>>> print(open('target_3.cif').read())   # mmCIF, C-alpha atoms and all ligand atoms
data_coords
#
loop_
_atom_site.label_atom_id
_atom_site.label_comp_id
_atom_site.auth_asym_id
_atom_site.auth_seq_id
_atom_site.Cartn_x
_atom_site.Cartn_y
_atom_site.Cartn_z
CA MET V 3 -36.89 -78.86 -85.95
CA THR V 4 -35.22 -75.62 -87.04
CA MET V 5 -38.42 -73.85 -86.06
CA ARG V 6 -38.21 -75.31 -82.60
CA LEU V 7 -34.58 -74.28 -82.30
CA ALA V 8 -35.42 -70.77 -83.47
CA SER V 9 -38.16 -70.40 -80.92
CA PHE V 10 -35.89 -71.83 -78.21
CA VAL V 11 -33.22 -69.25 -79.05
CA ALA V 12 -35.85 -66.51 -79.06
CA ASN V 13 -37.07 -67.61 -75.65
CA MET V 14 -33.56 -67.71 -74.21
CA THR V 15 -32.81 -64.26 -75.60
CA ARG V 16 -35.98 -62.98 -74.03
CA MET V 17 -35.15 -64.53 -70.68
CA ILE V 18 -31.67 -63.05 -70.67
CA ALA V 19 -33.02 -59.65 -71.72
CA LYS V 20 -35.53 -59.80 -68.86
CA LYS V 21 -32.86 -60.63 -66.27
CA LYS V 22 -30.62 -57.77 -67.38
CA SER V 23 -33.18 -55.02 -66.93
CA SER V 24 -34.12 -55.15 -63.31
CA PRO V 25 -36.56 -54.21 -62.16
CA SER V 26 -38.34 -54.61 -65.47
CA LYS V 27 -41.51 -52.67 -66.24
CA HIS V 28 -43.34 -55.98 -66.08
CA GLN V 29 -42.28 -56.68 -62.51
CA VAL V 30 -43.21 -53.21 -61.31
CA LYS V 31 -46.71 -53.66 -62.76
CA ARG V 32 -47.15 -57.01 -61.09
CA ALA V 33 -46.15 -55.59 -57.71
CA GLU V 34 -49.02 -53.13 -57.98
CA TRP V 35 -51.65 -55.84 -57.95
CA LYS V 36 -52.23 -57.91 -54.86
CA LEU V 37 -53.70 -61.22 -53.81
CA ARG V 38 -55.97 -60.77 -50.83
CA ARG V 39 -56.90 -63.76 -48.71
CA ALA V 40 -60.59 -63.91 -47.83
CA GLY V 41 -62.77 -66.81 -46.67
CA GLY V 42 -60.23 -69.45 -47.70
CA LEU V 43 -59.84 -67.91 -51.17
CA GLN V 44 -57.29 -65.67 -52.81
CA ILE V 45 -58.82 -62.68 -54.57
CA LEU V 46 -56.74 -60.74 -57.07
CA GLU V 47 -57.34 -56.99 -56.84
CA ALA V 48 -56.36 -54.02 -58.98
CA PRO V 49 -55.14 -51.28 -56.62
CA ALA V 50 -56.55 -48.51 -58.84
CA LEU V 51 -60.05 -50.01 -58.39
CA GLU V 52 -59.55 -51.05 -54.79
CA ARG V 53 -59.04 -47.39 -53.83
CA ILE V 54 -62.53 -46.44 -55.05
CA GLY V 55 -64.91 -46.63 -52.10
CA TRP V 56 -68.19 -46.84 -54.03
CA LEU V 57 -67.38 -50.01 -55.97
CA VAL V 58 -66.66 -53.68 -55.33
CA HIS V 59 -64.46 -55.75 -57.60
CA GLY V 60 -62.31 -58.86 -57.73
CA PHE V 61 -60.68 -61.44 -59.98
CA SER V 62 -61.05 -65.03 -58.81
CA THR V 63 -58.17 -67.50 -58.59
CA ARG V 64 -57.92 -71.30 -58.71
CA PRO V 65 -57.34 -72.52 -55.15
CA GLY V 66 -59.80 -72.91 -52.34
CA GLY V 67 -63.04 -74.12 -53.89
CA THR V 68 -65.14 -77.24 -53.53
CA SER V 69 -64.86 -78.59 -57.09
CA GLU V 70 -62.77 -81.69 -57.67
CA LEU V 71 -60.59 -81.50 -60.75
CA ALA V 72 -58.75 -84.66 -61.80
CA SER V 73 -55.06 -83.79 -61.88
CA GLY V 74 -53.60 -87.10 -63.10
CA ASP V 75 -52.09 -89.89 -60.98
CA ALA V 76 -55.63 -90.64 -59.79
CA LYS V 77 -55.40 -87.52 -57.68
CA THR V 78 -57.94 -84.75 -57.50
CA GLU V 79 -57.37 -81.12 -56.82
CA ARG V 80 -59.81 -78.84 -55.00
CA VAL V 81 -60.44 -75.81 -57.15
CA LEU V 82 -62.69 -72.75 -57.31
CA ASN V 83 -64.40 -73.51 -60.61
CA LEU V 84 -66.95 -70.77 -61.30
CA GLY V 85 -68.30 -71.95 -64.65
CA PHE V 86 -70.66 -74.79 -65.55
CA THR V 87 -68.44 -77.39 -67.20
CA GLU V 88 -68.96 -81.02 -68.11
CA TRP V 89 -66.66 -82.40 -65.43
CA ASP V 90 -68.17 -80.44 -62.54
CA SER V 91 -71.49 -80.52 -60.73
CA ARG V 92 -73.91 -77.60 -60.67
CA GLU V 93 -73.96 -77.71 -56.84
CA HIS V 94 -70.20 -77.28 -56.61
CA VAL V 95 -70.18 -74.37 -59.04
CA GLU V 96 -73.02 -72.65 -57.24
CA GLU V 97 -71.30 -73.11 -53.89
CA ASN V 98 -68.06 -71.75 -55.33
CA ARG V 99 -69.83 -68.72 -56.76
CA LYS V 100 -71.38 -68.01 -53.38
CA LYS V 101 -67.93 -68.18 -51.78
CA PHE V 102 -66.44 -65.86 -54.39
CA PHE V 103 -69.22 -63.26 -54.18
CA HIS V 104 -68.94 -63.34 -50.39
CA ALA V 105 -65.16 -62.90 -50.54
CA ILE V 106 -65.44 -59.75 -52.65
CA GLY V 107 -68.24 -58.33 -50.47
CA ALA V 108 -70.99 -58.72 -53.04
CA ASP V 109 -73.36 -61.13 -51.19
CA LYS V 110 -76.30 -58.77 -51.43
CA MET V 111 -75.78 -57.77 -55.04
CA ARG V 112 -77.60 -59.13 -58.07
CA ALA V 113 -75.04 -61.00 -60.18
CA VAL V 114 -75.48 -60.47 -63.92
CA MET V 115 -73.79 -62.99 -66.19
CA LEU V 116 -73.58 -63.52 -69.92
CA ARG V 117 -73.64 -66.32 -72.40
CA GLN V 118 -70.31 -65.35 -73.91
CA ILE V 119 -69.96 -65.74 -77.65
CA HIS V 120 -66.65 -63.98 -78.55
CA SER V 121 -68.57 -61.04 -80.01
CA ASP V 122 -68.36 -57.25 -79.69
CA VAL V 123 -71.79 -57.06 -78.05
CA ALA V 124 -71.96 -54.85 -74.95
CA LEU V 125 -75.17 -54.89 -72.91
CA ARG V 126 -76.42 -52.19 -70.57
CA VAL V 127 -77.66 -53.43 -67.21
CA ASP V 128 -80.63 -51.67 -65.63
CA SER V 129 -82.32 -52.59 -62.40
CA GLN V 130 -85.71 -51.98 -64.03
CA ALA V 131 -85.03 -54.48 -66.79
CA ALA V 132 -87.15 -57.59 -66.56
CA GLU V 133 -85.36 -60.53 -65.00
CA SER V 134 -84.95 -63.31 -67.50
CA ALA V 135 -84.07 -66.84 -66.61
CA GLU V 136 -81.55 -67.13 -69.37
CA ALA V 137 -78.28 -65.23 -69.45
CA PRO V 138 -78.21 -62.77 -72.36
CA GLN V 139 -75.72 -63.29 -75.19
CA GLY V 140 -72.79 -60.92 -75.34
CA ASP V 141 -69.29 -60.27 -74.07
CA ALA V 142 -69.49 -57.02 -72.12
CA LEU V 143 -71.79 -55.51 -69.50
CA PHE V 144 -71.95 -51.90 -68.33
CA THR V 145 -74.07 -50.07 -65.79
CA ARG V 146 -74.55 -47.00 -63.64
CA GLU V 147 -77.02 -48.75 -61.33
CA PRO V 148 -75.96 -49.63 -57.80
CA GLY V 149 -76.64 -53.19 -56.66
CA SER V 150 -75.78 -55.02 -59.87
CA LEU V 151 -72.62 -57.11 -60.01
CA LEU V 152 -71.30 -57.42 -63.56
CA VAL V 153 -69.55 -60.74 -64.14
CA VAL V 154 -67.47 -62.23 -66.96
CA GLN V 155 -65.92 -65.71 -67.10
CA THR V 156 -62.53 -66.59 -68.56
CA ALA V 157 -59.85 -69.26 -68.80
CA ASP V 158 -57.11 -67.60 -70.96
CA CYS V 159 -59.16 -64.78 -72.49
CA VAL V 160 -58.53 -61.39 -70.89
CA PRO V 161 -61.08 -60.13 -68.34
CA ILE V 162 -61.20 -56.32 -68.34
CA LEU V 163 -62.88 -54.16 -65.71
CA LEU V 164 -63.60 -50.46 -66.30
CA ALA V 165 -64.66 -47.73 -63.88
CA ASP V 166 -65.63 -44.16 -64.72
CA THR V 167 -64.60 -42.33 -61.57
CA LYS V 168 -66.55 -39.14 -62.36
CA ARG V 169 -69.89 -40.49 -63.62
CA ARG V 170 -69.78 -43.55 -61.36
CA ALA V 171 -70.24 -46.19 -64.01
CA VAL V 172 -68.60 -49.60 -64.42
CA ALA V 173 -68.10 -52.31 -67.05
CA ALA V 174 -66.90 -55.91 -67.26
CA ILE V 175 -65.52 -57.23 -70.55
CA HIS V 176 -64.48 -60.64 -71.91
CA ALA V 177 -61.76 -60.14 -74.54
CA GLY V 178 -60.27 -63.12 -76.33
CA TRP V 179 -58.62 -62.71 -79.72
CA ARG V 180 -61.95 -62.42 -81.50
CA GLY V 181 -63.32 -59.78 -79.12
CA THR V 182 -60.03 -57.90 -79.22
CA LEU V 183 -60.07 -57.99 -83.02
CA ARG V 184 -63.58 -56.51 -82.92
CA ARG V 185 -62.45 -53.80 -80.47
CA ILE V 186 -64.94 -54.82 -77.80
CA THR V 187 -63.17 -52.70 -75.18
CA ALA V 188 -63.38 -49.50 -77.26
CA LYS V 189 -66.97 -50.27 -78.21
CA THR V 190 -67.99 -50.70 -74.56
CA LEU V 191 -66.30 -47.42 -73.72
CA GLY V 192 -68.11 -45.83 -76.69
CA ARG V 193 -71.48 -46.97 -75.38
CA MET V 194 -70.67 -45.50 -71.95
CA GLN V 195 -69.70 -42.22 -73.62
CA MET V 196 -72.98 -42.09 -75.52
CA GLU V 197 -75.28 -43.25 -72.75
CA PHE V 198 -73.63 -41.92 -69.57
CA GLY V 199 -71.49 -39.06 -70.83
CA THR V 200 -68.36 -40.92 -69.73
CA ARG V 201 -65.10 -39.22 -70.70
CA PRO V 202 -62.22 -41.56 -71.55
CA GLU V 203 -59.85 -39.53 -69.35
CA ASP V 204 -61.98 -40.39 -66.29
CA MET V 205 -61.76 -44.11 -66.97
CA ILE V 206 -59.74 -46.62 -64.99
CA ALA V 207 -59.01 -49.92 -66.75
CA ALA V 208 -57.81 -53.12 -65.10
CA LEU V 209 -56.68 -56.00 -67.34
CA GLY V 210 -56.87 -59.25 -65.39
CA PRO V 211 -55.06 -62.57 -65.77
CA GLY V 212 -55.13 -63.96 -69.31
CA ILE V 213 -52.85 -66.00 -71.50
CA GLY V 214 -49.58 -64.10 -71.95
CA ARG V 215 -47.52 -63.52 -75.06
CA CYS V 216 -45.15 -66.17 -73.65
CA CYS V 217 -47.76 -68.90 -74.18
CA TYR V 218 -50.19 -67.65 -76.80
CA GLU V 219 -49.18 -69.16 -80.11
CA VAL V 220 -51.35 -68.26 -83.12
CA GLY V 221 -51.32 -69.00 -86.83
CA SER V 222 -51.73 -67.08 -90.05
CA ASP V 223 -55.53 -66.71 -89.69
CA VAL V 224 -55.19 -64.61 -86.54
CA ALA V 225 -52.18 -62.65 -87.84
CA ARG V 226 -53.96 -61.84 -91.08
CA ASP V 227 -57.13 -60.68 -89.31
CA PHE V 228 -55.17 -58.39 -86.98
CA HIS V 229 -53.09 -57.05 -89.84
CA ALA V 230 -56.30 -56.13 -91.68
CA GLN V 231 -57.81 -54.37 -88.65
CA PHE V 232 -54.93 -52.54 -86.97
CA PRO V 233 -52.10 -50.59 -88.63
CA ASN V 234 -49.91 -51.21 -85.56
CA ALA V 235 -50.79 -54.91 -85.08
CA ARG V 236 -47.16 -55.93 -85.69
CA GLU V 237 -46.25 -54.46 -82.27
CA TRP V 238 -48.40 -57.04 -80.50
CA PHE V 239 -46.86 -60.08 -82.15
CA GLU V 240 -43.58 -61.82 -81.65
CA GLY V 241 -42.28 -64.06 -84.42
CA PRO V 242 -42.75 -64.05 -88.19
CA PHE V 243 -45.76 -61.71 -88.20
CA ASP V 244 -45.18 -60.32 -91.70
CA ALA V 245 -44.83 -63.74 -93.30
CA LEU V 246 -47.98 -64.92 -91.54
CA ALA V 247 -50.00 -61.78 -92.27
CA SER V 248 -49.06 -61.69 -95.94
CA GLY V 249 -50.02 -65.34 -96.45
CA GLU V 250 -46.54 -66.31 -97.66
CA ASN V 251 -46.66 -69.14 -95.22
CA ASP V 252 -50.03 -70.45 -96.31
CA PRO V 253 -49.84 -74.24 -95.83
CA ASN V 254 -51.69 -74.76 -99.12
CA TRP V 255 -48.94 -73.01 -101.08
CA LEU V 256 -45.94 -74.17 -99.14
CA PRO V 257 -45.48 -77.56 -100.87
CA TRP V 258 -45.43 -75.81 -104.25
CA LEU V 259 -43.01 -73.17 -103.15
CA THR V 260 -40.58 -75.49 -101.43
CA MET V 261 -40.98 -78.34 -103.98
CA MET V 262 -41.14 -80.80 -101.12
CA PRO V 263 -43.17 -83.98 -101.34
CA PRO V 264 -46.37 -83.96 -99.28
CA GLY V 265 -45.75 -84.79 -95.65
CA HIS V 266 -42.21 -83.43 -95.79
CA GLN V 267 -42.98 -79.72 -95.61
CA PRO V 268 -41.73 -77.73 -92.64
CA PRO V 269 -44.42 -77.12 -90.01
CA PRO V 270 -46.49 -73.96 -90.56
CA LEU V 271 -45.07 -70.83 -88.98
CA ARG V 272 -46.51 -69.59 -85.73
CA ALA V 273 -46.31 -66.27 -83.91
CA HIS V 274 -47.04 -65.20 -80.37
CA LEU V 275 -49.83 -62.71 -79.72
CA ASP V 276 -49.93 -60.30 -76.78
CA LEU V 277 -53.63 -59.73 -76.04
CA ILE V 278 -52.84 -57.48 -73.08
CA ALA V 279 -50.72 -55.15 -75.22
CA ALA V 280 -53.41 -55.09 -77.89
CA ASN V 281 -56.16 -54.13 -75.43
CA ARG V 282 -53.93 -51.54 -73.77
CA ALA V 283 -53.31 -49.96 -77.16
CA ILE V 284 -57.00 -50.04 -78.07
CA LEU V 285 -57.92 -48.34 -74.77
CA ALA V 286 -55.17 -45.72 -75.18
CA GLU V 287 -56.30 -45.02 -78.73
CA ALA V 288 -59.83 -44.50 -77.39
CA GLY V 289 -58.47 -41.80 -75.09
CA VAL V 290 -57.87 -43.59 -71.78
CA PRO V 291 -54.63 -42.22 -70.28
CA PRO V 292 -52.01 -45.01 -70.23
CA ARG V 293 -51.25 -44.35 -66.55
CA ARG V 294 -54.87 -45.27 -65.76
CA ILE V 295 -54.52 -48.67 -67.44
CA SER V 296 -52.97 -51.50 -65.42
CA SER V 297 -52.60 -55.22 -65.91
CA SER V 298 -52.09 -58.05 -63.43
CA GLY V 299 -48.91 -59.31 -65.11
CA PHE V 300 -50.07 -62.91 -64.66
CA CYS V 301 -50.20 -65.45 -67.49
CA THR V 302 -52.92 -68.07 -66.96
CA ALA V 303 -50.93 -70.77 -68.82
CA CYS V 304 -47.69 -70.13 -66.89
CA ARG V 305 -49.43 -69.93 -63.52
CA ARG V 306 -51.66 -72.98 -63.39
CA ASP V 307 -51.13 -72.99 -59.63
CA LEU V 308 -53.21 -69.80 -59.47
CA PHE V 309 -55.43 -69.77 -62.56
CA PHE V 310 -57.16 -71.95 -65.18
CA SER V 311 -55.80 -72.29 -68.70
CA TYR V 312 -58.11 -73.81 -71.28
CA ARG V 313 -55.34 -73.89 -73.90
CA ARG V 314 -52.91 -75.69 -71.64
CA GLU V 315 -55.30 -78.00 -69.80
CA ARG V 316 -58.49 -78.37 -71.89
CA THR V 317 -60.32 -79.95 -68.98
CA THR V 318 -60.24 -77.12 -66.52
CA GLY V 319 -62.28 -74.58 -64.57
CA ARG V 320 -63.41 -71.02 -65.22
CA LEU V 321 -62.31 -67.82 -63.52
CA MET V 322 -64.54 -64.84 -62.85
CA ALA V 323 -63.95 -61.11 -62.91
CA ALA V 324 -66.62 -59.01 -61.25
CA ILE V 325 -67.34 -55.33 -60.66
CA GLY V 326 -70.32 -53.43 -59.30
CA ILE V 327 -71.50 -50.23 -57.66
CA ARG V 328 -72.39 -50.57 -53.98
ZN ZN I 1 -47.17 -67.83 -70.17
#
>>> encode(input="target_3.cif", output="structure tokens")
Amino acid sequence: MTMRLASFVANMTRMIAKKKSSPSKHQVKRAEWKLRRAGGLQILEAPALERIGWLVHGFSTRPGGTSELASGDAKTERVLNLGFTEWDSREHVEENRKKFFHAIGADKMRAVMLRQIHSDVALRVDSQAAESAEAPQGDALFTREPGSLLVVQTADCVPILLADTKRRAVAAIHAGWRGTLRRITAKTLGRMQMEFGTRPEDMIAALGPGIGRCCYEVGSDVARDFHAQFPNAREWFEGPFDALASGENDPNWLPWLTMMPPGHQPPPLRAHLDLIAANRAILAEAGVPPRRISSSGFCTACRRDLFFSYRRERTTGRLMAAIGIR
């Protein structure tokens, strides 16, 4: 109970702090991104990418599709589900994908998708590569070939799109906490440096809608892993990061330390992780100028009117982020 009260107070303090500083940095960032209406859908676009004439890109949103998602009270909601899920039919997903690709102007492009496994595997896409029926395993795609549309799917994890404005190369990345921990964004950039001669200072990075710090509660396992990997990990967490990272709050030890009978221990501590801040920092550390990194400012769990949140809803759809060279 005291934990709940503490987190309530922390939330209130945050809300008040946000109201005082207006306009906050957060709000300015959000204003930069826009929702464009196209073919009955709303496509989220990063202005820094939208300005580049030789590429197509877009982040999908929830409304406007043909899938029927049960929303309680025996009602169904029409949504743009772009991933094959148990509750949805293949036909609906394929129709939705067609609508999305059309809305971003990528009808004629070859869509390349992954079987995402929360890894740090980045795959290069070549037009010469043999077409395989099965999607390759990995969590990032990069290319310099026109005509290929690189696609990642998310529902809380952060979709990240990269564009090298000098060498004309692009990448699409799926970064959840595991991929972030493994520095998938920096590794993808590293591959582009090695294979295309990409310079980090020529890179534009767009971090799409993912679960925000406001809603992303994690335990000691995640805190400990981040603490082991990043000297500045503390900056991306809100809450008792040090206690979690040091293992002081290990549930196996707690009963001994507090001398409480089993079942009467306080609930394990939790902290909030900011995946956007972590990926921003990883990109900046890799040499991408901070002014060339932008984020949508949307939290998928807060904005279930616009996005899908696996954490919040469990039974839900999948969003897509796509980028390609015309
Ligand atoms: Zn949120």
>>> residues_around(input="target_3.cif", residues="range 111-122 of chain V", least_positions_apart="3", cutoff="7 Å", atoms="all atoms listed in the file", output="VMD selection string")
chain V and resid 108 137 to 141 149 to 154 178 180 to 181 184 to 186
>>> write_last_selection(input="target_3.cif", atoms="C-alpha atoms", output="PDB file, in the frame of the given file")
ATOM      1  CA  ALA V 108     -70.990 -58.720 -53.040  1.00  0.00           C
ATOM      2  CA  ALA V 137     -78.280 -65.230 -69.450  1.00  0.00           C
ATOM      3  CA  PRO V 138     -78.210 -62.770 -72.360  1.00  0.00           C
ATOM      4  CA  GLN V 139     -75.720 -63.290 -75.190  1.00  0.00           C
ATOM      5  CA  GLY V 140     -72.790 -60.920 -75.340  1.00  0.00           C
ATOM      6  CA  ASP V 141     -69.290 -60.270 -74.070  1.00  0.00           C
ATOM      7  CA  GLY V 149     -76.640 -53.190 -56.660  1.00  0.00           C
ATOM      8  CA  SER V 150     -75.780 -55.020 -59.870  1.00  0.00           C
ATOM      9  CA  LEU V 151     -72.620 -57.110 -60.010  1.00  0.00           C
ATOM     10  CA  LEU V 152     -71.300 -57.420 -63.560  1.00  0.00           C
ATOM     11  CA  VAL V 153     -69.550 -60.740 -64.140  1.00  0.00           C
ATOM     12  CA  VAL V 154     -67.470 -62.230 -66.960  1.00  0.00           C
ATOM     13  CA  GLY V 178     -60.270 -63.120 -76.330  1.00  0.00           C
ATOM     14  CA  ARG V 180     -61.950 -62.420 -81.500  1.00  0.00           C
ATOM     15  CA  GLY V 181     -63.320 -59.780 -79.120  1.00  0.00           C
ATOM     16  CA  ARG V 184     -63.580 -56.510 -82.920  1.00  0.00           C
ATOM     17  CA  ARG V 185     -62.450 -53.800 -80.470  1.00  0.00           C
ATOM     18  CA  ILE V 186     -64.940 -54.820 -77.800  1.00  0.00           C
TER      19      ILE V 186
END
>>> closest_residue(input="target_3.cif", among="V:Gly66, V:Gly212, V:Pro148, V:Gly55", to="ligand ZN 1 (chain I)", atoms="all atoms listed in the file")
V:Gly212
>>> closest_residue(input="target_3.cif", among="V:His274, V:Arg170, V:Arg193, V:Arg294", to="Gly221 in chain V", atoms="all atoms listed in the file")
V:His274
>>> atom_distance(input="target_3.cif", atom1="CA of Gln155 in chain V", atom2="CA of Thr68 in chain V")
17.8 Å
>>> closest_residue(input="target_3.cif", among="V:Thr200, V:Thr302, V:Thr318, V:Ser311", to="ligand ZN 1 (chain I)", atoms="all atoms listed in the file")
V:Thr302
>>> closest_residue(input="target_3.cif", among="V:Ile213, V:Ala50, V:Leu164, V:Val220", to="Phe310 in chain V", atoms="only C-alpha atoms")
V:Ile213
>>> atom_distance(input="target_3.cif", atom1="CA of Arg320 in chain V", atom2="CA of Pro292 in chain V")
28.8 Å
>>> residues_near_ligand(input="target_3.cif", ligand="ligand ZN 1 (chain I)", cutoff="9 Å", atoms="only C-alpha atoms and all ligand atoms", output="list in words")
Gly212, Ile213, Gly214, Arg215, Cys216, Cys217, Tyr218, Phe300, Cys301, Thr302, Ala303, Cys304 and Arg305 of chain V
>>> atom_distance(input="target_3.cif", atom1="CA of Asp307 in chain V", atom2="CA of His176 in chain V")
21.9 Å
>>> closest_residue(input="target_3.cif", among="V:Asp128, V:Asp158, V:Asp204, V:Asp75", to="Leu143 in chain V", atoms="all atoms listed in the file")
V:Asp128
>>> residues_around(input="target_3.cif", residues="Lys168 in chain V", least_positions_apart="6", cutoff="12 Å", atoms="only C-alpha atoms", output="PDB file with C-alpha atoms, keeping the file's coordinate frame")
ATOM      1  CA  ILE V  54     -62.530 -46.440 -55.050  1.00  0.00           C
ATOM      2  CA  TRP V  56     -68.190 -46.840 -54.030  1.00  0.00           C
ATOM      3  CA  ARG V 146     -74.550 -47.000 -63.640  1.00  0.00           C
ATOM      4  CA  PHE V 198     -73.630 -41.920 -69.570  1.00  0.00           C
ATOM      5  CA  GLY V 199     -71.490 -39.060 -70.830  1.00  0.00           C
ATOM      6  CA  THR V 200     -68.360 -40.920 -69.730  1.00  0.00           C
ATOM      7  CA  ARG V 201     -65.100 -39.220 -70.700  1.00  0.00           C
ATOM      8  CA  PRO V 202     -62.220 -41.560 -71.550  1.00  0.00           C
ATOM      9  CA  GLU V 203     -59.850 -39.530 -69.350  1.00  0.00           C
ATOM     10  CA  ASP V 204     -61.980 -40.390 -66.290  1.00  0.00           C
ATOM     11  CA  MET V 205     -61.760 -44.110 -66.970  1.00  0.00           C
ATOM     12  CA  ILE V 206     -59.740 -46.620 -64.990  1.00  0.00           C
TER      13      ILE V 206
END
>>> closest_residue(input="target_3.cif", among="V:Val224, V:Ala157, V:Ala171, V:Ile106", to="Thr317 in chain V", atoms="all atoms listed in the file")
V:Ala157
>>> residues_near_point(input="target_3.cif", point="(-58.9, -61.8, -51.4)", cutoff="12 Å", atoms="all atoms listed in the file", output="PDB file with C-alpha atoms, in the coordinates of the input")
ATOM      1  CA  TRP V  35     -51.650 -55.840 -57.950  1.00  0.00           C
ATOM      2  CA  LYS V  36     -52.230 -57.910 -54.860  1.00  0.00           C
ATOM      3  CA  LEU V  37     -53.700 -61.220 -53.810  1.00  0.00           C
ATOM      4  CA  ARG V  38     -55.970 -60.770 -50.830  1.00  0.00           C
ATOM      5  CA  ARG V  39     -56.900 -63.760 -48.710  1.00  0.00           C
ATOM      6  CA  ALA V  40     -60.590 -63.910 -47.830  1.00  0.00           C
ATOM      7  CA  GLY V  41     -62.770 -66.810 -46.670  1.00  0.00           C
ATOM      8  CA  GLY V  42     -60.230 -69.450 -47.700  1.00  0.00           C
ATOM      9  CA  LEU V  43     -59.840 -67.910 -51.170  1.00  0.00           C
ATOM     10  CA  GLN V  44     -57.290 -65.670 -52.810  1.00  0.00           C
ATOM     11  CA  ILE V  45     -58.820 -62.680 -54.570  1.00  0.00           C
ATOM     12  CA  LEU V  46     -56.740 -60.740 -57.070  1.00  0.00           C
ATOM     13  CA  GLU V  47     -57.340 -56.990 -56.840  1.00  0.00           C
ATOM     14  CA  ALA V  48     -56.360 -54.020 -58.980  1.00  0.00           C
ATOM     15  CA  GLU V  52     -59.550 -51.050 -54.790  1.00  0.00           C
ATOM     16  CA  VAL V  58     -66.660 -53.680 -55.330  1.00  0.00           C
ATOM     17  CA  HIS V  59     -64.460 -55.750 -57.600  1.00  0.00           C
ATOM     18  CA  GLY V  60     -62.310 -58.860 -57.730  1.00  0.00           C
ATOM     19  CA  PHE V  61     -60.680 -61.440 -59.980  1.00  0.00           C
ATOM     20  CA  SER V  62     -61.050 -65.030 -58.810  1.00  0.00           C
ATOM     21  CA  THR V  63     -58.170 -67.500 -58.590  1.00  0.00           C
ATOM     22  CA  PRO V  65     -57.340 -72.520 -55.150  1.00  0.00           C
ATOM     23  CA  GLY V  66     -59.800 -72.910 -52.340  1.00  0.00           C
ATOM     24  CA  LYS V 101     -67.930 -68.180 -51.780  1.00  0.00           C
ATOM     25  CA  PHE V 102     -66.440 -65.860 -54.390  1.00  0.00           C
ATOM     26  CA  PHE V 103     -69.220 -63.260 -54.180  1.00  0.00           C
ATOM     27  CA  HIS V 104     -68.940 -63.340 -50.390  1.00  0.00           C
ATOM     28  CA  ALA V 105     -65.160 -62.900 -50.540  1.00  0.00           C
ATOM     29  CA  ILE V 106     -65.440 -59.750 -52.650  1.00  0.00           C
ATOM     30  CA  GLY V 107     -68.240 -58.330 -50.470  1.00  0.00           C
TER      31      GLY V 107
END
